[in-house]
file structure.txt (compact mmCIF, C-alpha atoms)
# COMPACT_ATOMS: atom_id res chain seq x y z
CA MET A 291 10.86 39.50 10.50
CA GLN A 292 14.21 38.59 11.96
CA PHE A 293 16.51 35.61 11.80
CA SER A 294 15.41 32.49 13.70
CA PRO A 295 16.23 32.49 17.45
CA LEU A 296 19.19 30.13 17.12
CA ILE A 297 20.73 32.12 14.25
CA LYS A 298 20.24 35.33 16.27
CA GLU A 299 21.92 33.65 19.25
CA LEU A 300 24.85 32.58 17.06
CA ILE A 301 25.28 36.12 15.68
CA ASP A 302 25.19 37.56 19.22
CA ALA A 303 27.72 35.00 20.47
CA LEU A 304 30.12 35.81 17.61
CA LYS A 305 29.99 39.51 18.56
CA ILE A 306 32.13 38.84 21.66
CA LEU A 307 35.13 38.51 19.31
CA PRO A 308 37.20 41.71 19.21
CA GLY A 309 36.60 43.80 16.10
CA VAL A 310 33.44 41.90 15.15
CA GLY A 311 30.20 43.89 14.91
CA THR A 312 26.69 42.85 13.84
CA LYS A 313 27.41 42.81 10.10
CA SER A 314 30.65 40.83 10.40
CA ALA A 315 29.01 38.41 12.84
CA GLN A 316 26.16 37.82 10.35
CA ARG A 317 28.68 37.21 7.59
CA MET A 318 30.59 34.76 9.80
CA ALA A 319 27.45 32.91 10.90
CA PHE A 320 26.17 32.42 7.34
CA HIS A 321 29.60 31.55 6.02
CA LEU A 322 29.92 28.77 8.62
CA LEU A 323 26.36 27.52 8.09
CA GLU A 324 26.69 27.46 4.30
CA ARG A 325 30.26 26.39 3.75
CA ASN A 326 32.06 25.06 6.78
CA ARG A 327 29.93 23.26 9.35
CA ASN A 328 32.72 20.83 10.15
CA GLY A 329 35.17 23.67 10.70
CA ALA A 330 32.67 25.35 13.00
CA LEU A 331 32.16 22.16 15.01
CA ARG A 332 35.91 21.85 15.35
CA LEU A 333 36.17 25.50 16.43
CA SER A 334 33.46 24.83 19.00
CA SER A 335 35.32 21.93 20.56
CA VAL A 336 38.76 23.61 20.43
CA LEU A 337 37.28 26.75 22.04
CA HIS A 338 35.81 24.65 24.84
CA ASN A 339 39.05 22.75 25.36
CA ALA A 340 41.20 25.87 25.31
CA MET A 341 39.03 27.78 27.79
CA GLU A 342 38.94 24.79 30.14
CA HIS A 343 42.60 23.81 30.00
CA ILE A 344 44.76 26.86 29.24
CA LYS A 345 46.03 28.42 32.43
CA HIS A 346 49.08 30.45 33.44
CA CYS A 347 52.62 29.05 33.57
CA GLU A 348 53.46 28.74 37.26
CA GLN A 349 56.78 30.46 36.80
CA CYS A 350 56.49 33.12 34.10
CA ARG A 351 52.69 33.59 34.02
CA THR A 352 52.36 33.20 30.23
CA PHE A 353 49.45 31.16 28.88
CA CYS A 354 50.01 27.42 28.56
CA GLU A 355 48.17 24.19 29.26
CA ASN A 356 50.91 22.59 31.36
CA ALA A 357 52.27 23.64 34.76
CA LEU A 358 55.33 25.14 33.06
CA CYS A 359 55.59 26.67 29.60
CA GLU A 360 58.09 25.47 27.00
CA ILE A 361 60.71 28.07 27.99
CA CYS A 362 60.33 27.61 31.75
CA ALA A 363 60.59 23.83 31.30
CA ASN A 364 63.89 24.22 29.41
CA PRO A 365 66.82 23.80 31.88
CA LYS A 366 69.17 25.64 29.46
CA ARG A 367 66.98 28.74 29.57
CA GLN A 368 66.42 28.48 33.29
CA SER A 369 70.14 28.53 34.05
CA SER A 370 70.39 32.00 32.45
CA GLU A 371 70.94 34.99 34.74
CA LEU A 372 68.90 37.29 32.48
CA LEU A 373 65.19 37.87 33.08
CA CYS A 374 63.12 39.72 30.48
CA VAL A 375 59.88 41.31 31.71
CA VAL A 376 57.17 41.77 29.06
CA GLU A 377 53.49 42.70 29.13
CA SER A 378 51.92 39.87 27.13
CA PRO A 379 52.51 36.37 25.69
CA GLN A 380 52.60 37.92 22.19
CA ASP A 381 55.56 40.04 23.34
CA VAL A 382 57.41 36.84 24.32
CA LEU A 383 56.89 35.57 20.77
CA ALA A 384 58.11 38.87 19.31
CA VAL A 385 61.31 38.76 21.40
CA GLU A 386 61.82 35.06 20.63
CA GLN A 387 61.59 35.75 16.91
CA THR A 388 64.72 37.93 17.11
CA LEU A 389 66.64 34.78 18.22
CA GLU A 390 68.85 37.16 20.23
CA PHE A 391 67.62 36.59 23.77
CA LYS A 392 68.34 33.28 25.46
CA GLY A 393 67.24 34.07 29.02
CA ARG A 394 64.08 33.68 31.08
CA TYR A 395 60.85 35.64 30.85
CA PHE A 396 58.30 37.07 33.19
CA VAL A 397 54.94 37.96 31.65
CA LEU A 398 52.95 40.63 33.50
CA MET A 399 49.72 39.99 31.53
CA GLY A 400 49.08 43.73 31.60
CA HIS A 401 50.59 46.85 33.11
CA LEU A 402 50.12 48.97 36.22
CA SER A 403 47.06 51.17 35.74
CA PRO A 404 45.75 52.61 39.01
CA ILE A 405 42.89 54.34 37.16
CA ASP A 406 41.57 50.90 36.11
CA GLY A 407 42.27 49.47 39.56
CA ILE A 408 45.21 47.36 38.34
CA GLY A 409 47.85 47.31 41.07
CA PRO A 410 51.14 45.40 41.55
CA ALA A 411 49.43 42.21 42.73
CA ASP A 412 47.22 42.07 39.60
CA ILE A 413 50.25 41.90 37.32
CA GLY A 414 52.03 39.31 39.46
CA LEU A 415 54.68 41.55 40.97
CA ASP A 416 54.55 39.60 44.27
CA GLN A 417 55.52 36.51 42.25
CA LEU A 418 58.30 38.48 40.52
CA GLU A 419 59.50 39.62 43.97
CA GLN A 420 59.88 35.95 44.97
CA ILE A 421 61.85 35.20 41.81
CA LEU A 422 64.20 38.13 42.49
CA GLN A 423 64.55 37.03 46.12
CA ALA A 424 65.36 33.45 45.15
CA GLY A 425 68.56 34.72 43.50
CA GLY A 426 70.24 33.56 40.31
CA ILE A 427 69.21 36.70 38.37
CA SER A 428 71.91 39.25 37.56
CA GLU A 429 69.95 41.54 35.24
CA VAL A 430 66.29 42.30 34.62
CA ILE A 431 65.56 43.60 31.11
CA LEU A 432 62.41 45.71 31.13
CA ALA A 433 60.68 45.26 27.75
CA THR A 434 57.30 46.72 28.64
CA ASN A 435 55.60 48.81 25.96
CA PRO A 436 56.80 52.39 25.39
CA THR A 437 53.53 53.85 26.72
CA VAL A 438 52.94 55.89 29.87
CA GLU A 439 51.66 52.80 31.70
CA GLY A 440 54.45 50.60 30.36
CA ALA A 441 57.08 53.13 31.44
CA ALA A 442 55.50 53.48 34.90
CA THR A 443 55.46 49.70 35.27
CA ALA A 444 59.12 49.50 34.22
CA HIS A 445 60.00 52.20 36.76
CA TYR A 446 58.18 50.33 39.54
CA ILE A 447 59.98 47.06 38.74
CA ALA A 448 63.34 48.89 38.51
CA GLN A 449 62.77 50.07 42.11
CA MET A 450 62.09 46.47 43.16
CA CYS A 451 65.36 45.38 41.51
CA LYS A 452 67.26 48.10 43.39
CA VAL A 453 66.10 46.63 46.71
CA HIS A 454 67.57 43.27 45.70
CA THR A 455 70.68 44.95 44.19
CA ILE A 456 69.91 43.44 40.80
CA GLN A 457 70.71 45.49 37.70
CA ALA A 458 67.63 46.67 35.78
CA SER A 459 67.80 47.84 32.17
CA ARG A 460 65.21 49.20 29.77
CA ILE A 461 65.20 48.29 26.05
CA ALA A 462 66.24 51.20 23.82
CA HIS A 463 63.68 53.55 22.32
CA GLY A 464 64.54 55.35 19.14
CA VAL A 465 64.09 55.45 15.39
CA PRO A 466 62.88 52.04 14.05
CA VAL A 467 65.23 50.40 11.57
CA GLY A 468 64.00 51.21 8.05
CA GLY A 469 62.02 54.22 9.32
CA GLU A 470 62.47 57.70 7.87
CA LEU A 471 63.47 60.53 10.15
CA GLU A 472 60.98 63.02 8.77
CA PHE A 473 58.03 60.81 9.71
CA ILE A 474 59.17 60.01 13.27
CA ASP A 475 57.31 61.80 16.08
CA GLY A 476 59.21 64.26 18.25
CA ASN A 477 58.96 62.15 21.39
CA THR A 478 60.66 59.18 19.75
CA LEU A 479 63.30 61.43 18.23
CA THR A 480 64.04 62.92 21.67
CA HIS A 481 64.57 59.37 22.97
CA ALA A 482 66.78 58.61 19.97
CA PHE A 483 68.97 61.64 20.69
CA SER A 484 69.24 61.12 24.45
CA GLY A 485 70.03 57.43 23.87
CA ARG A 486 72.78 58.10 21.27
CA ARG A 487 75.89 55.95 21.38
CA VAL A 488 79.48 56.74 20.48
CA ILE A 489 80.56 54.89 17.33
CA MET B 1071 59.60 29.14 20.46
CA GLN B 1072 55.98 29.13 19.52
CA PHE B 1073 52.69 29.24 21.38
CA SER B 1074 51.70 26.08 23.26
CA PRO B 1075 49.99 23.40 21.11
CA LEU B 1076 46.48 24.15 22.41
CA ILE B 1077 46.85 27.91 21.82
CA LYS B 1078 48.17 27.21 18.32
CA GLU B 1079 45.19 24.92 17.69
CA LEU B 1080 42.80 27.66 18.88
CA ILE B 1081 44.43 30.25 16.59
CA ASP B 1082 44.20 27.85 13.64
CA ALA B 1083 40.56 27.05 14.38
CA LEU B 1084 39.66 30.77 14.52
CA LYS B 1085 41.19 31.26 11.07
CA ILE B 1086 38.24 29.48 9.44
CA LEU B 1087 36.18 32.63 10.09
CA PRO B 1088 35.91 34.80 6.96
CA GLY B 1089 38.22 37.82 7.01
CA VAL B 1090 40.29 36.46 9.90
CA GLY B 1091 44.01 35.91 9.30
CA THR B 1092 46.78 34.81 11.66
CA LYS B 1093 47.18 38.17 13.39
CA SER B 1094 43.45 38.69 13.98
CA ALA B 1095 43.08 35.09 15.14
CA GLN B 1096 45.90 35.61 17.67
CA ARG B 1097 44.24 38.79 18.91
CA MET B 1098 40.91 36.96 19.25
CA ALA B 1099 42.43 33.99 21.05
CA PHE B 1100 44.26 36.12 23.62
CA HIS B 1101 41.31 38.44 24.07
CA LEU B 1102 39.07 35.48 24.91
CA LEU B 1103 41.66 33.84 27.18
CA GLU B 1104 42.38 37.06 29.08
CA ARG B 1105 39.03 38.75 29.26
CA ASN B 1106 36.08 36.62 28.31
CA ARG B 1107 36.38 32.90 29.02
CA ASN B 1108 32.67 32.66 29.84
CA GLY B 1109 31.73 34.35 26.57
CA ALA B 1110 34.01 31.93 24.71
CA LEU B 1111 32.44 28.91 26.42
CA ARG B 1112 29.01 30.24 25.48
CA LEU B 1113 30.17 30.79 21.88
CA SER B 1114 31.46 27.21 21.85
CA SER B 1115 28.13 25.74 22.91
CA VAL B 1116 26.03 28.02 20.66
CA LEU B 1117 28.26 27.17 17.69
CA HIS B 1118 27.80 23.47 18.37
CA ASN B 1119 24.05 23.84 18.77
CA ALA B 1120 23.66 25.96 15.67
CA MET B 1121 25.70 23.64 13.44
CA GLU B 1122 23.77 20.60 14.69
CA HIS B 1123 20.25 22.04 14.57
CA ILE B 1124 20.02 24.72 11.90
CA LYS B 1125 18.76 23.27 8.64
CA HIS B 1126 16.84 24.56 5.65
CA CYS B 1127 13.16 25.59 5.76
CA GLU B 1128 11.29 22.83 3.91
CA GLN B 1129 9.38 25.33 1.84
CA CYS B 1130 11.56 28.38 1.14
CA ARG B 1131 15.02 26.89 1.81
CA THR B 1132 16.18 29.66 4.15
CA PHE B 1133 18.09 28.71 7.31
CA CYS B 1134 15.99 27.87 10.37
CA GLU B 1135 15.92 25.30 13.15
CA ASN B 1136 12.29 24.25 12.62
CA ALA B 1137 10.70 22.50 9.66
CA LEU B 1138 9.23 25.81 8.47
CA CYS B 1139 10.66 29.30 8.94
CA GLU B 1140 8.69 32.13 10.56
CA ILE B 1141 7.39 33.44 7.24
CA CYS B 1142 6.46 30.04 5.79
CA ALA B 1143 4.66 29.17 9.05
CA ASN B 1144 2.55 32.34 8.82
CA PRO B 1145 -0.79 31.52 7.08
CA LYS B 1146 -1.31 35.20 6.18
CA ARG B 1147 1.92 35.26 4.20
CA GLN B 1148 1.25 31.87 2.65
CA SER B 1149 -2.08 32.96 1.23
CA SER B 1150 -0.28 35.62 -0.85
CA GLU B 1151 -0.03 35.10 -4.61
CA LEU B 1152 3.37 36.82 -4.78
CA LEU B 1153 6.60 34.86 -4.57
CA CYS B 1154 9.90 36.70 -4.19
CA VAL B 1155 13.04 34.79 -5.26
CA VAL B 1156 16.27 35.88 -3.55
CA GLU B 1157 19.80 34.49 -3.34
CA SER B 1158 20.40 34.40 0.42
CA PRO B 1159 18.72 34.58 3.84
CA GLN B 1160 20.29 38.02 4.35
CA ASP B 1161 18.42 39.19 1.22
CA VAL B 1162 15.13 38.10 2.83
CA LEU B 1163 15.98 40.29 5.83
CA ALA B 1164 16.83 43.23 3.56
CA VAL B 1165 13.50 42.95 1.70
CA GLU B 1166 11.58 42.48 4.97
CA GLN B 1167 13.12 45.66 6.37
CA THR B 1168 11.40 47.69 3.64
CA LEU B 1169 8.03 46.55 5.14
CA GLU B 1170 6.67 46.76 1.57
CA PHE B 1171 6.50 43.11 0.58
CA LYS B 1172 3.93 40.86 2.23
CA GLY B 1173 4.24 37.75 0.06
CA ARG B 1174 6.20 34.51 0.17
CA TYR B 1175 9.88 33.91 -0.44
CA PHE B 1176 12.05 31.36 -2.11
CA VAL B 1177 15.73 31.40 -1.15
CA LEU B 1178 18.11 29.95 -3.74
CA MET B 1179 21.12 29.84 -1.33
CA GLY B 1180 23.34 30.84 -4.25
CA HIS B 1181 23.03 31.43 -7.97
CA LEU B 1182 23.56 29.46 -11.17
CA SER B 1183 27.26 29.25 -11.91
CA PRO B 1184 28.14 26.51 -14.39
CA ILE B 1185 31.84 27.34 -14.11
CA ASP B 1186 31.71 26.35 -10.41
CA GLY B 1187 29.53 23.34 -11.18
CA ILE B 1188 26.42 24.92 -9.63
CA GLY B 1189 23.41 23.88 -11.69
CA PRO B 1190 19.64 24.29 -11.28
CA ALA B 1191 19.30 21.38 -8.80
CA ASP B 1192 21.97 22.88 -6.50
CA ILE B 1193 19.96 26.07 -6.00
CA GLY B 1194 16.69 24.20 -5.45
CA LEU B 1195 15.04 24.97 -8.76
CA ASP B 1196 13.38 21.52 -8.81
CA GLN B 1197 11.70 22.48 -5.54
CA LEU B 1198 10.70 25.87 -7.01
CA GLU B 1199 9.24 24.02 -10.01
CA GLN B 1200 7.00 22.05 -7.63
CA ILE B 1201 5.82 25.25 -5.93
CA LEU B 1202 4.97 26.83 -9.29
CA GLN B 1203 3.19 23.64 -10.36
CA ALA B 1204 1.15 23.50 -7.14
CA GLY B 1205 -0.54 26.75 -8.20
CA GLY B 1206 -1.60 29.71 -6.10
CA ILE B 1207 1.21 31.94 -7.40
CA SER B 1208 0.31 34.74 -9.79
CA GLU B 1209 3.61 36.58 -9.94
CA VAL B 1210 7.24 35.68 -9.27
CA ILE B 1211 9.41 38.69 -8.33
CA LEU B 1212 13.03 38.01 -9.22
CA ALA B 1213 15.20 39.81 -6.68
CA THR B 1214 18.51 38.07 -7.40
CA ASN B 1215 21.64 40.24 -7.28
CA PRO B 1216 22.37 42.54 -10.24
CA THR B 1217 25.44 40.50 -11.23
CA VAL B 1218 26.00 38.41 -14.34
CA GLU B 1219 25.19 35.21 -12.40
CA GLY B 1220 22.20 36.78 -10.68
CA ALA B 1221 20.80 38.00 -14.00
CA ALA B 1222 21.37 34.58 -15.62
CA THR B 1223 19.60 32.90 -12.72
CA ALA B 1224 16.69 35.34 -13.01
CA HIS B 1225 16.45 34.65 -16.74
CA TYR B 1226 16.40 30.89 -16.14
CA ILE B 1227 13.61 31.18 -13.56
CA ALA B 1228 11.65 33.54 -15.83
CA GLN B 1229 11.69 30.79 -18.47
CA MET B 1230 10.34 28.32 -15.89
CA CYS B 1231 7.52 30.75 -15.05
CA LYS B 1232 6.62 31.07 -18.72
CA VAL B 1233 6.04 27.31 -18.91
CA HIS B 1234 3.53 27.59 -16.04
CA THR B 1235 2.08 30.83 -17.49
CA ILE B 1236 2.99 32.71 -14.34
CA GLN B 1237 4.08 36.32 -14.64
CA ALA B 1238 7.75 36.92 -13.79
CA SER B 1239 9.13 40.35 -12.95
CA ARG B 1240 12.60 41.65 -12.13
CA ILE B 1241 13.21 44.34 -9.50
CA ALA B 1242 14.24 47.69 -11.02
CA HIS B 1243 17.89 48.58 -11.50
CA GLY B 1244 18.84 52.23 -11.59
CA VAL B 1245 20.26 55.11 -9.65
CA PRO B 1246 20.13 54.42 -5.87
CA VAL B 1247 18.06 56.91 -3.87
CA GLY B 1248 20.45 59.50 -2.42
CA GLY B 1249 23.12 58.65 -5.00
CA GLU B 1250 24.72 61.29 -7.19
CA LEU B 1251 24.51 60.91 -10.93
CA GLU B 1252 28.14 61.82 -11.58
CA PHE B 1253 29.39 58.92 -9.47
CA ILE B 1254 27.09 56.24 -10.94
CA ASP B 1255 28.70 53.76 -13.34
CA GLY B 1256 27.61 53.74 -16.97
CA ASN B 1257 26.02 50.30 -16.79
CA THR B 1258 23.68 51.33 -13.96
CA LEU B 1259 22.84 54.58 -15.75
CA THR B 1260 21.96 52.65 -18.92
CA HIS B 1261 19.56 50.54 -16.82
CA ALA B 1262 18.14 53.71 -15.27
CA PHE B 1263 17.45 55.20 -18.70
CA SER B 1264 15.97 52.08 -20.26
CA GLY B 1265 13.78 51.59 -17.18
CA ARG B 1266 12.46 55.19 -17.13
CA ARG B 1267 8.81 55.74 -16.29
CA VAL B 1268 6.37 58.41 -17.45
CA ILE B 1269 5.50 60.80 -14.62

call {"tool": "encode", "arguments": {"input": "structure.txt", "output": "structure tokens"}}
result
Amino acid sequence: MQFSPLIKELIDALKILPGVGTKSAQRMAFHLLERNRNGALRLSSVLHNAMEHIKHCEQCRTFCENALCEICANPKRQSSELLCVVESPQDVLAVEQTLEFKGRYFVLMGHLSPIDGIGPADIGLDQLEQILQAGGISEVILATNPTVEGAATAHYIAQMCKVHTIQASRIAHGVPVGGELEFIDGNTLTHAFSGRRVI
Amino acid sequence: MQFSPLIKELIDALKILPGVGTKSAQRMAFHLLERNRNGALRLSSVLHNAMEHIKHCEQCRTFCENALCEICANPKRQSSELLCVVESPQDVLAVEQTLEFKGRYFVLMGHLSPIDGIGPADIGLDQLEQILQAGGISEVILATNPTVEGAATAHYIAQMCKVHTIQASRIAHGVPVGGELEFIDGNTLTHAFSGRRVI
């Protein structure tokens, strides 16, 4: 005996969520059926709406439902000469939460990864090229992740900036604030030493 | 800056899933938007379908989309004189997977819990009463969970069986097969001793 076809279908459909296996999907399905049918109906309609209407911001490529995202639609931000390049919309949020950066963004929605067939066009570098060409940018801050792919992507974009004689900078890598030296990996510590500043 | 209103709505809607907090919901939302819009649209329609069409089996109260579930619609199972009472549809699946039990089921969809205002009518005991009254049952196997509420529920149903002079039995509690004695809690071990059998 197994669950009825529709319940099985629901469990299978829930398994597309990241980090959700058969057992979690079962738990979710029965939780919704027993306790929160209205919530589930709402989730169903919001999911449909979101998938149909959320597209990329025409300027910075982040996810939004309008032609331009909140930041790109803000004339104050758009007059800035700083452009921060990040890998994902979540990274934009992380940078915004520091309240330190008041410039524009460009969201790659990924990183260069030739082994997965992801080239410059797939992460919107032709669009970035146009932005650099249009002028008005004095510095590009490369805030891609400190991984091999992130570093390679940063390097590639830095080369593009050179062509347009725009300054490119990379965010600092080093010991996280509040971290303890003895638990920091050697690679990070090397970065921390080579990036030391005179005080 | 925050995510756009529709993305925020999607993240909030995903948080109704059990075990999903803000961070997981964000991860889910962006995963679906970036990698699996078709899967998400399918999930949306299956969710809607399931919430609209899945109801309780008229006889055993488990979840199914037809009037009777697979087991209740099977005449072979319905001719059995054994009735197994469990707390949830997942428990039915667990018992079925042993391939040992060939009788009927009754699914309480919960347990007695006066402190939460859950009385006999809320777990379908009036319906169970009718089944016992209708005859054809010789033994009720109480397979509720070995918790205080599960035991109280089993005791209550055993009293109902007594009224109809139907034998009631409780599944054995003891050391799980493959378990090690030194790691078993005292309560379980007490049950194991009091339930010992002559070999």

call {"tool": "atom_distance", "arguments": {"input": "structure.txt", "atom1": "CA of His338 (chain A)", "atom2": "CA of Ile1077 (chain B)"}}
result
11.9 Å

call {"tool": "closest_residue", "arguments": {"input": "structure.txt", "among": "B:Val1218, B:Ala1191, B:Ile1241, B:Ile1236", "to": "Gln1203 (chain B)", "atoms": "only C-alpha atoms"}}
result
B:Ile1236

call {"tool": "residues_around", "arguments": {"input": "structure.txt", "residues": "Lys1146 (chain B)", "least_positions_apart": "6", "cutoff": "10 Å", "atoms": "all atoms listed in the file", "output": "MDAnalysis selection string"}}
result
chainID B and resid 1172:1174

call {"tool": "residues_around", "arguments": {"input": "structure.txt", "residues": "His1126 (chain B)", "least_positions_apart": "2", "cutoff": "10 Å", "atoms": "all atoms listed in the file", "output": "PDB file with C-alpha atoms, keeping the file's coordinate frame"}}
result
ATOM      1  CA  HIS B1123      20.250  22.040  14.570  1.00  0.00           C
ATOM      2  CA  ILE B1124      20.020  24.720  11.900  1.00  0.00           C
ATOM      3  CA  GLU B1128      11.290  22.830   3.910  1.00  0.00           C
ATOM      4  CA  GLN B1129       9.380  25.330   1.840  1.00  0.00           C
ATOM      5  CA  CYS B1130      11.560  28.380   1.140  1.00  0.00           C
ATOM      6  CA  ARG B1131      15.020  26.890   1.810  1.00  0.00           C
ATOM      7  CA  THR B1132      16.180  29.660   4.150  1.00  0.00           C
ATOM      8  CA  PHE B1133      18.090  28.710   7.310  1.00  0.00           C
ATOM      9  CA  CYS B1134      15.990  27.870  10.370  1.00  0.00           C
ATOM     10  CA  GLU B1135      15.920  25.300  13.150  1.00  0.00           C
ATOM     11  CA  ASN B1136      12.290  24.250  12.620  1.00  0.00           C
ATOM     12  CA  ALA B1137      10.700  22.500   9.660  1.00  0.00           C
ATOM     13  CA  LEU B1138       9.230  25.810   8.470  1.00  0.00           C
ATOM     14  CA  CYS B1139      10.660  29.300   8.940  1.00  0.00           C
ATOM     15  CA  VAL B1177      15.730  31.400  -1.150  1.00  0.00           C
ATOM     16  CA  MET B1179      21.120  29.840  -1.330  1.00  0.00           C
TER      17      MET B1179
END

call {"tool": "atom_distance", "arguments": {"input": "structure.txt", "atom1": "CA of Ala1224 (chain B)", "atom2": "CA of Val1247 (chain B)"}}
result
23.5 Å

call {"tool": "residues_around", "arguments": {"input": "structure.txt", "residues": "Ile1193 (chain B)", "least_positions_apart": "5", "cutoff": "10 Å", "atoms": "only C-alpha atoms", "output": "PyMOL selection string"}}
result
chain B and resi 1131+1157+1177-1183+1188+1198+1223

call {"tool": "interface_residues", "arguments": {"input": "structure.txt", "of": "chain A", "to": "chain B", "cutoff": "9 Å", "atoms": "only C-alpha atoms", "output": "MDAnalysis selection string"}}
result
chainID A and resid 291:297 299:300 302:304 306:309 314 316:324 326:345 353:356 359:361 379:380 382:383 386:387 399

call {"tool": "closest_residue", "arguments": {"input": "structure.txt", "among": "B:Ala1238, B:Thr1217, B:Met1230, B:Asp1196", "to": "Leu1152 (chain B)", "atoms": "all atoms listed in the file"}}
result
B:Ala1238

call {"tool": "atom_distance", "arguments": {"input": "structure.txt", "atom1": "CA of Asp1255 (chain B)", "atom2": "CA of Arg1240 (chain B)"}}
result
20.2 Å

call {"tool": "closest_residue", "arguments": {"input": "structure.txt", "among": "B:Cys1142, B:Leu1212, B:Asp1192, B:Gly1187", "to": "Val1155 (chain B)", "atoms": "all atoms listed in the file"}}
result
B:Leu1212

call {"tool": "residues_around", "arguments": {"input": "structure.txt", "residues": "Ser1208 (chain B)", "least_positions_apart": "2", "cutoff": "12 Å", "atoms": "all atoms listed in the file", "output": "VMD selection string"}}
result
chain B and resid 1149 to 1154 1173 to 1174 1201 to 1206 1210 to 1211 1231 to 1232 1234 to 1239

call {"tool": "build_atoms", "arguments": {"input": "structure.txt", "residues": "region 408-424 of chain A", "atoms": "N, CA and C atoms", "output": "compact mmCIF listing (two decimals), in the frame of the given file"}}
result
# COMPACT_ATOMS: atom_id res chain seq x y z
N ILE A 408 44.23 48.44 38.51
CA ILE A 408 45.21 47.36 38.34
C ILE A 408 46.48 47.72 39.11
N GLY A 409 46.70 47.05 40.21
CA GLY A 409 47.85 47.31 41.07
C GLY A 409 48.93 46.26 40.89
N PRO A 410 50.00 46.34 41.68
CA PRO A 410 51.14 45.40 41.55
C PRO A 410 50.73 43.94 41.65
N ALA A 411 49.79 43.62 42.55
CA ALA A 411 49.43 42.21 42.73
C ALA A 411 48.72 41.65 41.48
N ASP A 412 47.98 42.52 40.77
CA ASP A 412 47.22 42.07 39.60
C ASP A 412 48.14 41.70 38.44
N ILE A 413 49.34 42.26 38.41
CA ILE A 413 50.25 41.90 37.32
C ILE A 413 51.39 41.01 37.85
N GLY A 414 51.13 40.36 38.97
CA GLY A 414 52.03 39.31 39.46
C GLY A 414 53.35 39.79 40.03
N LEU A 415 53.39 41.05 40.49
CA LEU A 415 54.68 41.55 40.97
C LEU A 415 55.11 40.90 42.29
N ASP A 416 54.15 40.33 43.06
CA ASP A 416 54.55 39.60 44.27
C ASP A 416 55.30 38.32 43.87
N GLN A 417 54.84 37.72 42.77
CA GLN A 417 55.52 36.51 42.25
C GLN A 417 56.91 36.87 41.71
N LEU A 418 57.00 38.02 41.04
CA LEU A 418 58.30 38.48 40.52
C LEU A 418 59.25 38.74 41.68
N GLU A 419 58.71 39.34 42.76
CA GLU A 419 59.50 39.62 43.97
C GLU A 419 60.16 38.33 44.48
N GLN A 420 59.35 37.25 44.52
CA GLN A 420 59.88 35.95 44.97
C GLN A 420 61.01 35.45 44.08
N ILE A 421 60.82 35.65 42.76
CA ILE A 421 61.85 35.20 41.81
C ILE A 421 63.14 35.98 42.05
N LEU A 422 63.01 37.30 42.26
CA LEU A 422 64.20 38.13 42.49
C LEU A 422 64.88 37.72 43.80
N GLN A 423 64.05 37.42 44.81
CA GLN A 423 64.55 37.03 46.12
C GLN A 423 65.30 35.70 46.07
N ALA A 424 64.78 34.79 45.23
CA ALA A 424 65.36 33.45 45.15
C ALA A 424 66.80 33.47 44.63
